[in-house]
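To be precise, the following lines are target-v7.cif, and they hold mmCIF, C-alpha atoms.
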data_data
#
loop_
_atom_site.label_atom_id
_atom_site.label_comp_id
_atom_site.auth_asym_id
_atom_site.auth_seq_id
_atom_site.Cartn_x
_atom_site.Cartn_y
_atom_site.Cartn_z
CA MET A 569 -6.10 96.29 157.92
CA LEU A 570 -6.92 99.98 157.83
CA VAL A 571 -7.63 99.94 154.09
CA ALA A 572 -9.71 96.77 154.41
CA ALA A 573 -11.75 98.26 157.24
CA ALA A 574 -12.24 101.58 155.46
CA THR A 575 -13.32 99.83 152.26
CA MET A 576 -15.65 97.45 154.05
CA LEU A 577 -17.19 100.01 156.38
CA HIS A 578 -17.43 103.08 154.13
CA GLY A 579 -21.04 104.17 153.85
CA SER A 580 -22.29 101.13 155.76
CA GLY A 581 -23.68 103.04 158.72
CA ALA A 582 -21.85 100.68 161.08
CA ALA A 583 -21.40 101.84 164.64
CA PRO A 584 -18.02 103.55 165.07
CA THR A 585 -16.83 100.93 167.55
CA LEU A 586 -14.72 97.80 167.32
CA ARG A 587 -17.81 95.71 167.95
CA GLY A 588 -19.68 97.57 165.16
CA ALA A 589 -16.77 97.05 162.76
CA HIS A 590 -16.70 93.33 163.56
CA ALA A 591 -20.46 93.04 163.03
CA GLN A 592 -20.24 94.86 159.69
CA PHE A 593 -17.39 92.59 158.55
CA ALA A 594 -19.51 89.56 159.44
CA THR A 595 -22.49 90.97 157.52
CA SER A 596 -20.55 92.11 154.46
CA ALA A 597 -17.88 89.44 154.06
CA GLY A 598 -18.95 86.60 156.30
CA PRO A 599 -18.08 85.42 159.79
CA PHE A 600 -14.73 83.93 158.74
CA VAL A 601 -13.48 87.31 157.47
CA ALA A 602 -14.75 88.98 160.63
CA VAL A 603 -12.73 86.52 162.73
CA LEU A 604 -9.68 87.10 160.53
CA PHE A 605 -10.06 90.85 161.05
CA ALA A 606 -10.30 90.35 164.81
CA VAL A 607 -7.23 88.09 164.87
CA ALA A 608 -5.28 90.56 162.71
CA LEU A 609 -6.27 93.39 165.04
CA LEU A 610 -5.16 91.37 168.07
CA ALA A 611 -1.85 90.43 166.39
CA SER A 612 -1.29 94.08 165.50
CA GLY A 613 -1.80 95.12 169.10
CA LEU A 614 0.52 92.41 170.42
CA ALA A 615 3.20 93.33 167.88
CA SER A 616 2.90 97.00 168.76
CA SER A 617 3.19 96.26 172.47
CA SER A 618 6.18 94.00 171.90
CA VAL A 619 8.01 96.61 169.83
CA GLY A 620 7.26 99.31 172.39
CA ILE A 621 8.50 97.19 175.26
CA TYR A 622 11.63 96.18 173.36
CA ALA A 623 12.38 99.78 172.38
CA GLY A 624 11.92 100.89 175.97
CA GLN A 625 14.28 98.13 177.10
CA VAL A 626 16.95 99.20 174.61
CA VAL A 627 16.67 102.84 175.67
CA MET A 628 16.75 101.99 179.37
CA GLN A 629 19.76 99.70 179.04
CA GLY A 630 21.66 101.67 176.40
CA PHE A 631 21.17 105.28 177.38
CA LEU A 632 20.12 105.17 181.01
CA ARG A 633 22.08 102.05 182.00
CA ARG A 634 19.11 100.68 183.96
CA ARG A 635 17.69 97.16 183.89
CA ILE A 636 14.09 96.35 184.62
CA PRO A 637 13.20 92.68 185.16
CA LEU A 638 11.35 91.01 182.31
CA TYR A 639 8.19 90.27 184.32
CA VAL A 640 7.94 93.93 185.38
CA ARG A 641 8.32 95.16 181.78
CA ARG A 642 5.65 92.78 180.53
CA SER A 643 3.35 93.67 183.41
CA PHE A 644 3.40 97.31 182.33
CA ALA A 645 1.99 96.23 178.96
CA VAL A 646 -0.47 93.55 180.08
CA VAL A 647 -1.92 94.79 183.39
CA PRO A 648 -3.54 98.00 182.03
CA ALA A 649 -5.18 96.05 179.19
CA LEU A 650 -6.52 93.42 181.57
CA ALA A 651 -7.76 96.13 183.94
CA VAL A 652 -9.70 97.78 181.10
CA LEU A 653 -11.26 94.44 180.17
CA ALA A 654 -12.11 93.63 183.80
CA LEU A 655 -13.73 97.03 184.37
CA GLY A 656 -15.88 96.70 181.25
CA VAL A 657 -14.82 100.07 179.85
CA ASP A 658 -15.78 100.84 176.22
CA PRO A 659 -12.82 99.46 174.21
CA SER A 660 -13.17 102.03 171.42
CA ARG A 661 -12.98 104.94 173.85
CA VAL A 662 -10.01 103.37 175.63
CA LEU A 663 -8.30 102.83 172.27
CA VAL A 664 -8.63 106.53 171.42
CA ILE A 665 -7.43 107.60 174.87
CA SER A 666 -4.46 105.22 174.68
CA GLN A 667 -3.41 106.66 171.34
CA VAL A 668 -3.72 110.21 172.64
CA THR A 669 -1.68 109.21 175.69
CA LEU A 670 0.98 107.64 173.47
CA SER A 671 1.16 110.85 171.45
CA PHE A 672 2.39 112.59 174.62
CA GLY A 673 5.56 110.51 174.26
CA ILE A 674 6.35 111.62 170.72
CA PRO A 675 8.22 114.80 171.75
CA PHE A 676 10.19 112.78 174.31
CA ALA A 677 11.43 110.55 171.48
CA LEU A 678 11.83 113.03 168.63
CA ILE A 679 13.56 115.88 170.43
CA PRO A 680 16.35 113.78 172.02
CA LEU A 681 16.75 111.93 168.71
CA LEU A 682 17.18 115.23 166.92
CA LEU A 683 19.63 116.53 169.51
CA LEU A 684 21.69 113.34 169.64
CA THR A 685 21.95 112.78 165.88
CA ARG A 686 23.49 116.21 165.35
CA ARG A 687 26.32 115.57 167.84
CA PRO A 688 29.57 114.20 166.35
CA ASP A 689 30.73 112.94 169.76
CA VAL A 690 27.68 110.66 169.90
CA MET A 691 27.19 109.71 166.25
CA GLY A 692 30.78 109.73 164.97
CA LYS A 693 30.95 109.61 161.19
CA TRP A 694 27.15 109.13 160.98
CA VAL A 695 26.35 112.55 162.40
CA ASN A 696 23.58 114.47 160.63
CA ARG A 697 24.56 117.36 158.40
CA SER A 698 23.19 120.81 159.18
CA LEU A 699 20.61 120.61 156.39
CA THR A 700 19.35 117.23 157.61
CA THR A 701 19.14 118.57 161.16
CA ALA A 702 17.23 121.65 159.94
CA PHE A 703 14.68 119.53 158.05
CA ALA A 704 14.38 117.10 160.97
CA GLY A 705 13.89 120.05 163.33
CA ALA A 706 11.13 121.47 161.15
CA ALA A 707 9.43 118.06 160.91
CA THR A 708 9.72 117.62 164.67
CA LEU A 709 8.20 121.04 165.26
CA VAL A 710 5.25 120.30 162.95
CA ILE A 711 4.62 116.86 164.49
CA VAL A 712 4.77 118.15 168.06
CA ALA A 713 2.51 121.10 167.20
CA LEU A 714 -0.04 118.84 165.48
CA ASN A 715 -0.04 116.49 168.45
CA ALA A 716 -0.65 119.42 170.78
CA LEU A 717 -3.60 120.51 168.64
CA LEU A 718 -5.06 116.99 168.54
CA ILE A 719 -4.71 116.26 172.24
CA VAL A 720 -7.15 118.96 173.40
CA PRO A 721 -10.27 117.75 171.53
CA ALA A 722 -9.61 114.10 172.44
CA PHE A 723 -10.38 114.83 176.07
#
Can I see the file as structure tokens?
Amino acid sequence: MLVAAATMLHGSGAAPTLRGAHAQFATSAGPFVAVLFAVALLASGLASSSVGIYAGQVVMQGFLRRRIPLYVRRSFAVVPALAVLALGVDPSRVLVISQVTLSFGIPFALIPLLLLTRRPDVMGKWVNRSLTTAFAGAATLVIVALNALLIVPAF
């Protein structure tokens, strides 16, 4: 989707919004392609939300030994999106803010992952070797630092 959008929109002068991208798709490739792009974007968002909710469920149940009812988990994904739609907030701006907000969670996933995968008592025979842990630590440091640098200008 990203490559298709970049190819279709490059140099078009389309407004840098989801609505502008949809309009440019309709102009350049026809209304059917524009609808396909919109459906693909919606499916991508639903898939991303589903994976995030499922991953959160696995972490909560596996590591924290907590259960959250299904309707509560799904509400955390659906209610904010519906609130944004109901309030009429600019979807492109909300999309950027949501991605910046999600980037706050990256250190909370990477650092424990790094710490847990180097422990033989947790990983058993699949424990990371020192070299793997060193490279993973360096990658984690770079990713967290880049996220910190990108968060400031987003707000």
| Interatomic distance, CA of Leu699 (chain A) to CA of Pro680 (chain A) (Å, one decimal) |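 Straight-line distance from CA of Leu699 (chain A) to CA of Pro680 (chain A) works out to 17.6 Å.
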| field | Distance criterion (all atoms listed in the file): nearest to Arg642 (chain A) out of A:Gly656, A:Gly620, A:Gly613, A:Pro721 | value |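 Under the stated criterion, the closest residue is A:Gly620.
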| task | Tell me which protein, DNA and RNA residues are within 12 Å of Val664 (chain A), counting all atoms listed in the file, leaving out same-chain ones fewer than 4 positions away, and put them as a PyMOL selection string. | result | chain A and resi 584-586+658-660+668-671+718-719+721-723
Got a sec: who's within 12 Å of Ile636 (chain A), counting all atoms listed in the file, leaving out chain neighbours fewer than 5 positions off, as a PDB file with C-alpha atoms, in the coordinates of the input?
ATOM      1  CA  ILE A 621       8.500  97.190 175.260  1.00  0.00           C
ATOM      2  CA  TYR A 622      11.630  96.180 173.360  1.00  0.00           C
ATOM      3  CA  GLY A 624      11.920 100.890 175.970  1.00  0.00           C
ATOM      4  CA  GLN A 625      14.280  98.130 177.100  1.00  0.00           C
ATOM      5  CA  VAL A 626      16.950  99.200 174.610  1.00  0.00           C
ATOM      6  CA  VAL A 627      16.670 102.840 175.670  1.00  0.00           C
ATOM      7  CA  MET A 628      16.750 101.990 179.370  1.00  0.00           C
ATOM      8  CA  GLN A 629      19.760  99.700 179.040  1.00  0.00           C
ATOM      9  CA  ARG A 641       8.320  95.160 181.780  1.00  0.00           C
ATOM     10  CA  ARG A 642       5.650  92.780 180.530  1.00  0.00           C
ATOM     11  CA  SER A 643       3.350  93.670 183.410  1.00  0.00           C
ATOM     12  CA  PHE A 644       3.400  97.310 182.330  1.00  0.00           C
TER      13      PHE A 644
END
| query | Interatomic distance between CA of Thr685 (chain A) and CA of Ser616 (chain A)? | reply |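 Between these atoms lies a distance of 24.9 Å.
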| query | Can you list what the PyMOL selection byres ((chain A and resi 599-605) around 12) grabs from this structure, as a list in words? | reply | Met569, Leu570, Val571, Ala572, Ala573, Met576, Leu586, Arg587, Gly588, Ala589, His590, Ala591, Gln592, Phe593, Ala594, Thr595, Ser596, Ala597, Gly598, Ala606, Val607, Ala608, Leu609, Leu610, Ala611 and Ser612 of chain A
| From the set A:Gln667, A:Arg687, A:Val720, A:Leu678, which residue has the shortest atom-to-atom contact distance to Ala704 (chain A), counting only C-alpha atoms? | A:Leu678
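Between Leu682 (chain A) and the residues A:Gly705, A:Arg697, A:Ala574, A:Arg661, the shortest atom-to-atom distance, using all atoms listed in the file, involves A:Gly705.
Of the listed residues A:Leu681, A:Val710, A:Ala716, A:Ala645, the one whose atoms come nearest to Leu614 (chain A) is A:Ala645, with distances taken using all atoms listed in the file.
Across A:Asp689, A:Trp694, A:Ala713, A:Ala706, the tightest approach to Pro675 (chain A) is made by A:Ala713 when counting all atoms listed in the file.
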| said: Between A:Leu714, A:His578, A:Ala615, A:Phe631, which residue has the minimum interatomic distance to Val690 (chain A), considering only C-alpha atoms? | reply: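 Among A:Leu714, A:His578, A:Ala615, A:Phe631, it is A:Phe631 that comes nearest to Val690 (chain A).
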| query | For the atom pair CA of Leu684 (chain A) and CA of Pro637 (chain A), what is the interatomic distance in Å to one decimal place? | reply |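 We find that CA of Leu684 (chain A) and CA of Pro637 (chain A) lie 27.2 Å from each other.
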